[in-house]
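Peer 1: Sharing data_26.cif, mmCIF, C-alpha atoms:
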data_query
loop_
_atom_site.group_PDB
_atom_site.id
_atom_site.type_symbol
_atom_site.label_atom_id
_atom_site.label_comp_id
_atom_site.auth_asym_id
_atom_site.auth_seq_id
_atom_site.Cartn_x
_atom_site.Cartn_y
_atom_site.Cartn_z
ATOM 1 C CA MET I 1 -19.461 -14.452 -27.793
ATOM 2 C CA GLU I 2 -15.769 -13.791 -28.356
ATOM 3 C CA SER I 3 -16.211 -10.011 -28.197
ATOM 4 C CA GLU I 4 -18.246 -10.353 -24.997
ATOM 5 C CA PHE I 5 -15.542 -12.495 -23.403
ATOM 6 C CA LEU I 6 -12.873 -9.970 -24.482
ATOM 7 C CA ALA I 7 -14.853 -7.092 -22.993
ATOM 8 C CA THR I 8 -15.313 -8.986 -19.719
ATOM 9 C CA ALA I 9 -11.612 -9.879 -19.528
ATOM 10 C CA THR I 10 -10.635 -6.261 -20.237
ATOM 11 C CA ALA I 11 -12.971 -4.921 -17.559
ATOM 12 C CA LEU I 12 -11.717 -7.481 -15.036
ATOM 13 C CA LEU I 13 -8.072 -6.666 -15.765
ATOM 14 C CA ALA I 14 -8.725 -2.931 -15.446
ATOM 15 C CA ALA I 15 -10.523 -3.465 -12.141
ATOM 16 C CA SER I 16 -7.713 -5.730 -10.915
ATOM 17 C CA ILE I 17 -5.136 -3.032 -11.580
ATOM 18 C CA ARG I 18 -7.266 -0.445 -9.774
ATOM 19 C CA MET I 19 -7.677 -2.724 -6.758
ATOM 20 C CA SER I 20 -3.974 -3.574 -6.758
ATOM 21 C CA THR I 21 -2.833 0.056 -6.726
ATOM 22 C CA PRO I 22 -2.973 0.658 -2.939
ATOM 23 C CA LEU I 23 -1.472 -2.779 -2.262
ATOM 24 C CA THR I 24 1.412 -2.130 -4.668
ATOM 25 C CA LEU I 25 2.186 1.314 -3.263
ATOM 26 C CA ALA I 26 2.064 0.151 0.342
ATOM 27 C CA GLY I 27 4.012 -3.008 -0.527
ATOM 28 C CA ILE I 28 6.829 -1.091 -2.203
ATOM 29 C CA GLY I 29 7.047 1.249 0.788
ATOM 30 C CA GLU I 30 7.350 -1.791 3.056
ATOM 31 C CA THR I 31 9.955 -3.246 0.688
ATOM 32 C CA TYR I 32 12.224 -0.250 1.306
ATOM 33 C CA SER I 33 11.736 -0.634 5.049
ATOM 34 C CA GLU I 34 12.328 -4.392 5.185
ATOM 35 C CA LYS I 35 15.363 -4.278 2.909
ATOM 36 C CA SER I 36 16.901 -1.862 5.428
ATOM 37 C CA GLY I 37 16.164 -4.297 8.268
ATOM 38 C CA ILE I 38 13.063 -2.599 9.727
ATOM 39 C CA LEU I 39 9.912 -4.728 9.898
ATOM 40 C CA ASN I 40 6.845 -2.484 9.939
ATOM 41 C CA ILE I 41 3.683 -4.380 10.859
ATOM 42 C CA GLY I 42 2.081 -0.937 11.233
ATOM 43 C CA LEU I 43 1.399 -0.681 7.496
ATOM 44 C CA GLU I 44 -2.329 -0.764 8.206
ATOM 45 C CA GLY I 45 -1.978 2.254 10.478
ATOM 46 C CA ILE I 46 0.085 4.126 7.891
ATOM 47 C CA MET I 47 -2.559 3.551 5.216
ATOM 48 C CA LEU I 48 -5.397 4.451 7.588
ATOM 49 C CA SER I 49 -3.689 7.678 8.623
ATOM 50 C CA GLY I 50 -3.011 8.527 4.977
ATOM 51 C CA ALA I 51 -6.643 7.846 4.053
ATOM 52 C CA PHE I 52 -8.019 10.048 6.833
ATOM 53 C CA PHE I 53 -5.729 13.035 6.374
ATOM 54 C CA SER I 54 -6.087 12.958 2.591
ATOM 55 C CA PHE I 55 -9.875 12.906 2.963
ATOM 56 C CA ILE I 56 -10.091 15.632 5.609
ATOM 57 C CA THR I 57 -7.727 17.889 3.644
ATOM 58 C CA ALA I 58 -9.505 17.351 0.326
ATOM 59 C CA HIS I 59 -12.937 17.761 1.958
ATOM 60 C CA TYR I 60 -12.194 21.182 3.432
ATOM 61 C CA THR I 61 -9.969 22.540 0.643
ATOM 62 C CA GLN I 62 -11.687 20.808 -2.319
ATOM 63 C CA SER I 63 -8.191 20.278 -3.698
ATOM 64 C CA LEU I 64 -7.020 16.830 -4.776
ATOM 65 C CA LEU I 65 -3.388 17.928 -4.790
ATOM 66 C CA LEU I 66 -3.557 19.140 -1.197
ATOM 67 C CA GLY I 67 -5.475 15.989 -0.292
ATOM 68 C CA VAL I 68 -2.670 13.801 -1.635
ATOM 69 C CA ALA I 69 -0.096 15.912 0.226
ATOM 70 C CA GLY I 70 -2.086 15.562 3.448
ATOM 71 C CA GLY I 71 -2.302 11.800 2.989
ATOM 72 C CA CYS I 72 1.432 11.466 2.388
ATOM 73 C CA LEU I 73 2.201 13.527 5.495
ATOM 74 C CA GLY I 74 -0.223 11.441 7.542
ATOM 75 C CA GLY I 75 1.519 8.251 6.442
ATOM 76 C CA ILE I 76 4.973 9.697 7.079
ATOM 77 C CA PHE I 77 3.926 10.754 10.594
ATOM 78 C CA ILE I 78 3.038 7.184 11.633
ATOM 79 C CA ALA I 79 6.022 5.653 9.823
ATOM 80 C CA MET I 80 8.508 7.982 11.478
ATOM 81 C CA ILE I 81 7.104 7.186 14.928
ATOM 82 C CA HIS I 82 7.746 3.536 14.175
ATOM 83 C CA GLY I 83 11.169 4.412 12.808
ATOM 84 C CA TYR I 84 12.107 6.302 15.977
ATOM 85 C CA LEU I 85 10.890 3.505 18.255
ATOM 86 C CA SER I 86 12.700 0.857 16.197
ATOM 87 C CA ILE I 87 15.942 2.660 15.338
ATOM 88 C CA ARG I 88 16.543 4.985 18.273
ATOM 89 C CA MET I 89 14.791 3.149 21.108
ATOM 90 C CA GLY I 90 15.356 -0.431 19.925
ATOM 91 C CA ILE I 91 11.805 -1.493 20.804
ATOM 92 C CA ASP I 92 10.405 -4.758 19.465
ATOM 93 C CA GLN I 93 9.328 -3.852 15.943
ATOM 94 C CA THR I 94 6.319 -6.176 15.807
ATOM 95 C CA ILE I 95 4.825 -4.777 19.014
ATOM 96 C CA SER I 96 5.530 -1.206 17.885
ATOM 97 C CA GLY I 97 3.805 -1.759 14.544
ATOM 98 C CA LEU I 98 0.730 -3.375 16.060
ATOM 99 C CA ALA I 99 0.450 -0.605 18.650
ATOM 100 C CA LEU I 100 0.537 2.022 15.894
ATOM 101 C CA ASN I 101 -2.214 0.165 14.022
ATOM 102 C CA PHE I 102 -4.492 0.413 17.043
ATOM 103 C CA LEU I 103 -3.433 4.008 17.648
ATOM 104 C CA SER I 104 -4.253 5.021 14.070
ATOM 105 C CA LEU I 105 -7.629 3.298 14.181
ATOM 106 C CA GLY I 106 -8.557 5.055 17.405
ATOM 107 C CA LEU I 107 -7.248 8.478 16.395
ATOM 108 C CA THR I 108 -8.833 8.542 12.940
ATOM 109 C CA SER I 109 -12.196 7.400 14.328
ATOM 110 C CA PHE I 110 -12.010 10.029 17.071
ATOM 111 C CA PHE I 111 -10.982 12.865 14.744
ATOM 112 C CA PHE I 112 -13.691 11.906 12.250
ATOM 113 C CA LEU I 113 -16.305 11.975 15.012
ATOM 114 C CA MET I 114 -15.025 15.339 16.255
ATOM 115 C CA ALA I 115 -15.141 16.826 12.754
ATOM 116 C CA PHE I 116 -18.525 15.518 11.586
ATOM 117 C CA GLY I 117 -20.302 14.084 14.621
ATOM 118 C CA LYS I 118 -22.651 11.129 14.398
ATOM 119 C CA THR I 119 -24.239 11.253 10.967
ATOM 120 C CA THR I 120 -26.031 8.823 8.683
ATOM 121 C CA GLU I 121 -24.687 10.579 5.582
ATOM 122 C CA LEU I 122 -20.975 10.222 4.949
ATOM 123 C CA PRO I 123 -19.306 13.527 3.966
ATOM 124 C CA GLU I 124 -17.760 13.472 0.518
ATOM 125 C CA CYS I 125 -14.535 14.719 -1.039
ATOM 126 C CA PRO I 126 -13.396 15.333 -4.636
ATOM 127 C CA VAL I 127 -12.435 12.223 -6.596
ATOM 128 C CA VAL I 128 -9.724 11.998 -9.244
ATOM 129 C CA ALA I 129 -11.110 11.421 -12.736
ATOM 130 C CA PRO I 130 -9.808 8.865 -15.252
ATOM 131 C CA LEU I 131 -7.237 10.285 -17.664
ATOM 132 C CA PRO I 132 -7.027 8.135 -20.829
ATOM 133 C CA ILE I 133 -3.741 8.414 -22.713
ATOM 134 C CA PRO I 134 -4.313 9.049 -26.438
ATOM 135 C CA PHE I 135 -3.381 6.229 -28.838
ATOM 136 C CA LEU I 136 -2.207 3.930 -26.017
ATOM 137 C CA LYS I 137 -5.749 3.545 -24.699
ATOM 138 C CA ASP I 138 -6.779 2.027 -28.051
ATOM 139 C CA ILE I 139 -4.502 -1.013 -27.690
ATOM 140 C CA PRO I 140 -6.754 -4.093 -27.309
ATOM 141 C CA VAL I 141 -7.146 -5.316 -23.700
ATOM 142 C CA ILE I 142 -3.946 -3.667 -22.416
ATOM 143 C CA GLY I 143 -4.982 -0.166 -23.505
ATOM 144 C CA PRO I 144 -8.226 0.146 -21.491
ATOM 145 C CA ALA I 145 -6.688 -1.739 -18.564
ATOM 146 C CA LEU I 146 -3.442 0.261 -18.232
ATOM 147 C CA PHE I 147 -3.873 3.504 -20.145
ATOM 148 C CA SER I 148 -7.444 4.531 -19.326
ATOM 149 C CA GLN I 149 -6.830 4.843 -15.603
ATOM 150 C CA ASP I 150 -6.396 7.754 -13.196
ATOM 151 C CA LEU I 151 -3.227 9.522 -12.088
ATOM 152 C CA PHE I 152 -2.861 7.311 -9.020
ATOM 153 C CA VAL I 153 -2.491 4.221 -11.203
ATOM 154 C CA TYR I 154 0.003 5.939 -13.496
ATOM 155 C CA GLY I 155 1.909 7.128 -10.424
ATOM 156 C CA MET I 156 1.952 3.577 -9.069
ATOM 157 C CA LEU I 157 3.491 2.290 -12.310
ATOM 158 C CA ILE I 158 6.150 5.002 -12.141
ATOM 159 C CA VAL I 159 6.898 4.096 -8.500
ATOM 160 C CA VAL I 160 7.396 0.448 -9.503
ATOM 161 C CA ILE I 161 9.863 1.371 -12.261
ATOM 162 C CA VAL I 162 11.767 3.945 -10.191
ATOM 163 C CA SER I 163 11.969 1.595 -7.199
ATOM 164 C CA TYR I 164 13.397 -1.171 -9.373
ATOM 165 C CA VAL I 165 16.097 1.175 -10.659
ATOM 166 C CA VAL I 166 16.893 2.554 -7.197
ATOM 167 C CA LEU I 167 17.056 -0.802 -5.419
ATOM 168 C CA HIS I 168 18.818 -2.804 -8.130
ATOM 169 C CA LYS I 169 20.836 -0.347 -10.210
ATOM 170 C CA MET I 170 21.963 2.411 -7.837
ATOM 171 C CA GLU I 171 24.507 2.634 -5.041
ATOM 172 C CA TRP I 172 21.854 3.532 -2.456
ATOM 173 C CA GLY I 173 20.087 0.266 -3.230
ATOM 174 C CA VAL I 174 23.310 -1.633 -2.563
ATOM 175 C CA ASN I 175 23.746 0.270 0.714
ATOM 176 C CA ILE I 176 20.240 -0.501 1.904
ATOM 177 C CA LEU I 177 20.690 -4.170 1.019
ATOM 178 C CA ALA I 178 23.964 -4.263 2.978
ATOM 179 C CA ILE I 179 22.304 -2.662 6.000
ATOM 180 C CA GLY I 180 19.495 -5.202 5.923
ATOM 181 C CA GLU I 181 21.940 -8.099 5.785
ATOM 182 C CA HIS I 182 24.778 -7.009 8.081
ATOM 183 C CA PRO I 183 24.466 -3.500 9.574
ATOM 184 C CA LYS I 184 27.760 -3.697 11.515
ATOM 185 C CA ALA I 185 29.715 -4.536 8.378
ATOM 186 C CA ALA I 186 27.886 -1.765 6.515
ATOM 187 C CA ALA I 187 28.768 0.720 9.257
ATOM 188 C CA ALA I 188 32.404 -0.399 9.097
ATOM 189 C CA ALA I 189 32.310 0.357 5.354
ATOM 190 C CA GLY I 190 31.260 3.922 6.118
ATOM 191 C CA ILE I 191 27.481 3.655 5.637
ATOM 192 C CA ASP I 192 25.361 5.638 8.107
ATOM 193 C CA VAL I 193 22.991 2.872 9.240
ATOM 194 C CA PRO I 194 20.487 4.936 11.299
ATOM 195 C CA LYS I 195 20.256 7.677 8.684
ATOM 196 C CA THR I 196 19.650 5.178 5.878
ATOM 197 C CA ARG I 197 17.018 3.357 7.918
ATOM 198 C CA TYR I 198 15.240 6.610 8.757
ATOM 199 C CA PHE I 199 15.134 7.470 5.065
ATOM 200 C CA ALA I 200 13.729 4.017 4.282
ATOM 201 C CA ALA I 201 11.082 4.577 6.967
ATOM 202 C CA LEU I 202 10.217 7.916 5.370
ATOM 203 C CA LEU I 203 9.761 6.254 1.972
ATOM 204 C CA ASN I 204 7.589 3.630 3.643
ATOM 205 C CA GLY I 205 5.374 6.351 5.104
ATOM 206 C CA LEU I 206 5.273 8.265 1.825
ATOM 207 C CA CYS I 207 4.203 5.249 -0.236
ATOM 208 C CA GLY I 208 1.847 3.958 2.465
ATOM 209 C CA GLY I 209 0.216 7.370 2.863
ATOM 210 C CA LEU I 210 -0.219 7.582 -0.899
ATOM 211 C CA ALA I 211 -1.775 4.111 -0.854
ATOM 212 C CA GLY I 212 -4.216 5.219 1.831
ATOM 213 C CA SER I 213 -5.049 8.393 -0.098
ATOM 214 C CA TYR I 214 -6.134 6.290 -3.063
ATOM 215 C CA LEU I 215 -9.112 4.893 -1.134
ATOM 216 C CA PRO I 216 -11.063 8.132 -0.504
ATOM 217 C CA LEU I 217 -9.643 10.170 -3.401
ATOM 218 C CA ALA I 218 -10.057 7.592 -6.187
ATOM 219 C CA LEU I 219 -12.055 4.514 -5.197
ATOM 220 C CA LEU I 220 -14.727 5.756 -2.787
ATOM 221 C CA GLY I 221 -15.030 9.531 -2.525
ATOM 222 C CA PHE I 222 -15.641 9.396 1.226
ATOM 223 C CA PHE I 223 -14.079 8.249 4.509
ATOM 224 C CA MET I 224 -15.469 5.833 7.062
ATOM 225 C CA GLU I 225 -14.125 4.128 10.164
ATOM 226 C CA ASN I 226 -11.528 1.439 9.370
ATOM 227 C CA ILE I 227 -11.708 2.262 5.662
ATOM 228 C CA THR I 228 -8.631 0.133 4.948
ATOM 229 C CA SER I 229 -10.332 -3.079 6.203
ATOM 230 C CA GLY I 230 -7.095 -5.022 6.523
ATOM 231 C CA LYS I 231 -5.458 -3.882 3.292
ATOM 232 C CA GLY I 232 -2.280 -3.030 5.186
ATOM 233 C CA TYR I 233 -1.969 -6.614 6.388
ATOM 234 C CA ILE I 234 -2.659 -7.913 2.880
ATOM 235 C CA ALA I 235 0.087 -5.606 1.584
ATOM 236 C CA LEU I 236 2.506 -7.294 4.001
ATOM 237 C CA VAL I 237 1.640 -10.656 2.396
ATOM 238 C CA VAL I 238 2.114 -9.095 -1.049
ATOM 239 C CA VAL I 239 5.647 -8.095 -0.015
ATOM 240 C CA ILE I 240 6.401 -11.670 1.040
ATOM 241 C CA LEU I 241 4.941 -13.162 -2.135
ATOM 242 C CA GLY I 242 6.740 -10.582 -4.290
ATOM 243 C CA ARG I 243 10.022 -11.417 -2.524
ATOM 244 C CA ARG I 244 10.681 -7.760 -1.782
ATOM 245 C CA HIS I 245 11.169 -7.006 -5.461
ATOM 246 C CA PRO I 246 9.200 -4.037 -6.903
ATOM 247 C CA VAL I 247 8.001 -5.947 -9.981
ATOM 248 C CA GLY I 248 7.224 -9.016 -7.888
ATOM 249 C CA VAL I 249 5.211 -6.911 -5.447
ATOM 250 C CA PHE I 250 3.260 -5.417 -8.359
ATOM 251 C CA LEU I 251 2.432 -8.842 -9.833
ATOM 252 C CA ALA I 252 1.462 -10.245 -6.432
ATOM 253 C CA ALA I 253 -0.788 -7.232 -5.820
ATOM 254 C CA ILE I 254 -2.523 -7.791 -9.174
ATOM 255 C CA LEU I 255 -3.254 -11.387 -8.135
ATOM 256 C CA VAL I 256 -4.930 -10.258 -4.911
ATOM 257 C CA GLY I 257 -6.576 -7.325 -6.721
ATOM 258 C CA ALA I 258 -8.042 -9.747 -9.250
ATOM 259 C CA ALA I 259 -9.669 -11.715 -6.419
ATOM 260 C CA GLU I 260 -11.190 -8.500 -5.057
ATOM 261 C CA ALA I 261 -12.391 -7.402 -8.494
ATOM 262 C CA LEU I 262 -13.855 -10.861 -9.126
ATOM 263 C CA GLN I 263 -15.880 -10.789 -5.926
ATOM 264 C CA PHE I 264 -17.522 -7.505 -6.975
ATOM 265 C CA ARG I 265 -18.219 -8.962 -10.403
ATOM 266 C CA LEU I 266 -19.837 -12.082 -8.956
ATOM 267 C CA GLN I 267 -21.971 -10.071 -6.533
ATOM 268 C CA THR I 268 -23.514 -8.120 -9.413
ATOM 269 C CA MET I 269 -24.418 -11.310 -11.309
ATOM 270 C CA GLY I 270 -27.170 -12.213 -8.863
ATOM 271 C CA THR I 271 -26.025 -15.754 -8.116
ATOM 272 C CA GLY I 272 -28.039 -15.986 -4.899
ATOM 273 C CA ILE I 273 -24.919 -16.752 -2.870
ATOM 274 C CA PRO I 274 -24.582 -14.611 0.287
ATOM 275 C CA SER I 275 -22.374 -11.575 -0.293
ATOM 276 C CA GLN I 276 -20.230 -12.522 2.713
ATOM 277 C CA VAL I 277 -18.896 -15.492 0.726
ATOM 278 C CA PHE I 278 -17.656 -13.176 -2.020
ATOM 279 C CA ASN I 279 -16.213 -10.747 0.530
ATOM 280 C CA MET I 280 -13.956 -13.565 1.716
ATOM 281 C CA PHE I 281 -12.296 -13.978 -1.699
ATOM 282 C CA PRO I 282 -9.347 -11.542 -1.305
ATOM 283 C CA TYR I 283 -8.526 -12.850 2.168
ATOM 284 C CA VAL I 284 -8.813 -16.515 1.180
ATOM 285 C CA ILE I 285 -6.515 -15.913 -1.808
ATOM 286 C CA THR I 286 -4.083 -14.076 0.467
ATOM 287 C CA VAL I 287 -3.940 -16.975 2.937
ATOM 288 C CA LEU I 288 -3.532 -19.553 0.159
ATOM 289 C CA VAL I 289 -0.766 -17.535 -1.454
ATOM 290 C CA LEU I 290 0.971 -17.211 1.910
ATOM 291 C CA PHE I 291 0.891 -20.996 2.348
ATOM 292 C CA VAL I 292 2.337 -21.519 -1.128
ATOM 293 C CA SER I 293 5.207 -19.118 -0.436
ATOM 294 C CA ILE I 294 6.276 -20.828 2.807
ATOM 295 C CA GLY I 295 9.938 -21.844 2.604
ATOM 296 C CA LYS I 296 10.445 -20.060 -0.730
ATOM 297 C CA ASN I 297 11.186 -16.588 0.564
ATOM 298 C CA ARG I 298 14.442 -15.444 2.113
ATOM 299 C CA THR I 299 14.238 -12.533 4.523
ATOM 300 C CA PRO I 300 17.088 -10.059 5.131
ATOM 301 C CA ALA I 301 19.355 -11.429 7.867
ATOM 302 C CA ALA I 302 18.986 -8.355 10.108
ATOM 303 C CA LEU I 303 15.237 -7.915 9.613
ATOM 304 C CA GLY I 304 13.551 -6.991 12.877
ATOM 305 C CA LYS I 305 16.782 -6.887 14.846
ATOM 306 C CA PRO I 306 17.737 -3.619 16.583
ATOM 307 C CA TYR I 307 21.110 -2.099 15.733
ATOM 308 C CA ARG I 308 23.260 -0.369 18.326
ATOM 309 C CA GLN I 309 25.945 1.985 17.073
ATOM 310 C CA GLY I 310 29.409 1.219 18.329
#
Please go through the file and, once you have read it, give me the structure as structure tokens.

Peer 2:
Amino acid sequence: MESEFLATATALLAASIRMSTPLTLAGIGETYSEKSGILNIGLEGIMLSGAFFSFITAHYTQSLLLGVAGGCLGGIFIAMIHGYLSIRMGIDQTISGLALNFLSLGLTSFFFLMAFGKTTELPECPVVAPLPIPFLKDIPVIGPALFSQDLFVYGMLIVVIVSYVVLHKMEWGVNILAIGEHPKAAAAAGIDVPKTRYFAALLNGLCGGLAGSYLPLALLGFFMENITSGKGYIALVVVILGRRHPVGVFLAAILVGAAEALQFRLQTMGTGIPSQVFNMFPYVITVLVLFVSIGKNRTPAALGKPYRQG
């Protein structure tokens, strides 16, 4: 009984980490953006664009590396549009982000239809294989959960560590924090506010595109319309719950990922409960977590506010 429970817990933890990977990557990208003062509600569109262009590139080239590059470029493309509208044009950032979500959904659906037409069989693409790390994979519970994963998961862990160092131990992290709190004071201190914000937007697109790439290139092996299914919006909640801290975002993503992994586990147990009830789990947990975090999260003072030089 004990060994069975241990095996179940290990499998659930491993699945939770897999499900949390796109949320963590997208959440850390949004963390860079929000710490610089740019609110990007268009995270769903960034992930969707990354998912489509990674799939279409990998499908035609049969190269995972090129697929990842295509996904990152797709995410950067949407993020930089939002960056231009927010930084250069001073447009309302919430409206800009929502518009880009709808734009990405329409464009990816249209391009997919143009490429493959109406078909009952979804075209496939290569999928990254698990890459267990010798010795580390043999550690009880933690080994199979953390060190028997694919390169996307390992990359996500590296992104978390690097982002923590950059944002909390390096001068650029101090600059981006200053810009998010008081851009005029930061500019007076010699910091190039627009340039720094554009770079933060680029990192948001890079991480969000990578998060989108994970869906077809690791989890599914195919692309379908609206493949993200709201994961971009959930990632925004993960950022709030994680208090814009890379480690906090990672832990919050695991919590939501555990709910998603649990719903798949319960569906396979044949409980007789409609599958729609289980499908609600990640979203219900997200809403509950959002309620719990109300009043406990401080946003950057300049978040969402346009900055005019001079």

Peer 1: I'd like the interatomic distance between CA of Ile179 in chain I and CA of Ser36 in chain I, to a tenth of an Å.

Peer 2: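 Calculated distance between CA of Ile179 in chain I and CA of Ser36 in chain I is 5.5 Å.
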
Peer 1: Applied to the shown file, which residues does the PyMOL selection byres ((chain I and resi 133) around 10) return, written as an NGL selection string?

Peer 2: :I and (130-132 or 134-138 or 143-144 or 146-150)

Peer 1: Of the candidates I:Ala79, I:Leu220, I:Leu103, I:Ile240, which one gets nearest to Ser33 in chain I if we count all atoms listed in the file?

Peer 2: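 Checking each candidate against Ser33 in chain I, we get I:Ala79 as the closest.
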
Peer 1: Using all atoms listed in the file for the distances, tell me which of I:Pro246, I:Gln62, I:Ser49, I:Ile91 is nearest to Met156 in chain I.

Peer 2: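 Among the listed residues, I:Pro246 lies closest to Met156 in chain I.
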
Peer 1: Using the chain letters and numbers from the file, which residues does the PyMOL selection byres ((chain I and resi 236) around 10) grab, as a list in words?

Peer 2: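 This file gives the following for the PyMOL selection byres ((chain I and resi 236) around 10): Leu23, Ala26, Gly27, Ile28, Glu30, Thr31, Leu39, Asn40, Ile41, Gly42, Leu43, Glu44, Lys231, Gly232, Tyr233, Ile234, Ala235, Val237, Val238, Val239, Ile240, Leu241, Gly242 and Val249 of chain I.
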
Peer 1: To one decimal place, how far is CA of Pro216 in chain I from CA of Phe55 in chain I in Å?

Peer 2: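 CA of Pro216 in chain I sits 6.0 Å away from CA of Phe55 in chain I.
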
Peer 1: List the residues selected by the PyMOL selection byres ((chain I and resi 200-210) around 6) in the file shown, writing them as number ranges by chain.

Peer 2: I: 25-26, 29-30, 32-33, 46-47, 50, 71-72, 75-76, 79, 83, 197-199, 211-213

Peer 1: Once you add 5 Å to each side, what are the centre and edge lengths of the axis-aligned box holding all listed atoms of range 27-33 of chain I? One decimal in Å, as lines of an AutoDock Vina configuration file, if you can.

Peer 2:
center_x = 8.1
center_y = -1.0
center_z = 1.4
size_x = 18.2
size_y = 14.5
size_z = 17.3

Peer 1: Could you please determine the separation between CA of Leu105 in chain I and CA of Val68 in chain I in Å, to one decimal place?

Peer 2: 19.6 Å

Peer 1: Give as JSON, numbers by chain the set of residues within 12 Å of the point (23.3, -3.4, 5.8), where distances use the file's coordinates and only C-alpha atoms.

Peer 2: {"I": [33, 34, 35, 36, 37, 38, 172, 173, 174, 175, 176, 177, 178, 179, 180, 181, 182, 183, 184, 185, 186, 187, 188, 189, 190, 191, 192, 193, 194, 195, 196, 197, 300, 301, 302, 303, 305, 307]}

Peer 1: Between I:Gly248, I:Gly97, I:Pro140, I:Pro126, which residue has the minimum interatomic distance to Leu13 in chain I, considering only C-alpha atoms?

Peer 2: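 Closest to Leu13 in chain I, using only C-alpha atoms: I:Pro140.
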
Peer 1: Residues at most 8 Å from Gly257 in chain I, counting only C-alpha atoms, excluding those fewer than 2 positions away in the same chain, as a PDB file with C-alpha atoms, keeping the file's coordinate frame?

Peer 2:
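Result went into part-v7.pdb, see below:
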ATOM      1  CA  ALA I  15     -10.523  -3.465 -12.141  1.00  0.00           C
ATOM      2  CA  SER I  16      -7.713  -5.730 -10.915  1.00  0.00           C
ATOM      3  CA  ILE I  17      -5.136  -3.032 -11.580  1.00  0.00           C
ATOM      4  CA  ARG I  18      -7.266  -0.445  -9.774  1.00  0.00           C
ATOM      5  CA  MET I  19      -7.677  -2.724  -6.758  1.00  0.00           C
ATOM      6  CA  SER I  20      -3.974  -3.574  -6.758  1.00  0.00           C
ATOM      7  CA  ALA I 253      -0.788  -7.232  -5.820  1.00  0.00           C
ATOM      8  CA  ILE I 254      -2.523  -7.791  -9.174  1.00  0.00           C
ATOM      9  CA  LEU I 255      -3.254 -11.387  -8.135  1.00  0.00           C
ATOM     10  CA  ALA I 259      -9.669 -11.715  -6.419  1.00  0.00           C
ATOM     11  CA  GLU I 260     -11.190  -8.500  -5.057  1.00  0.00           C
ATOM     12  CA  ALA I 261     -12.391  -7.402  -8.494  1.00  0.00           C
ATOM     13  CA  PRO I 282      -9.347 -11.542  -1.305  1.00  0.00           C
TER      14      PRO I 282
END
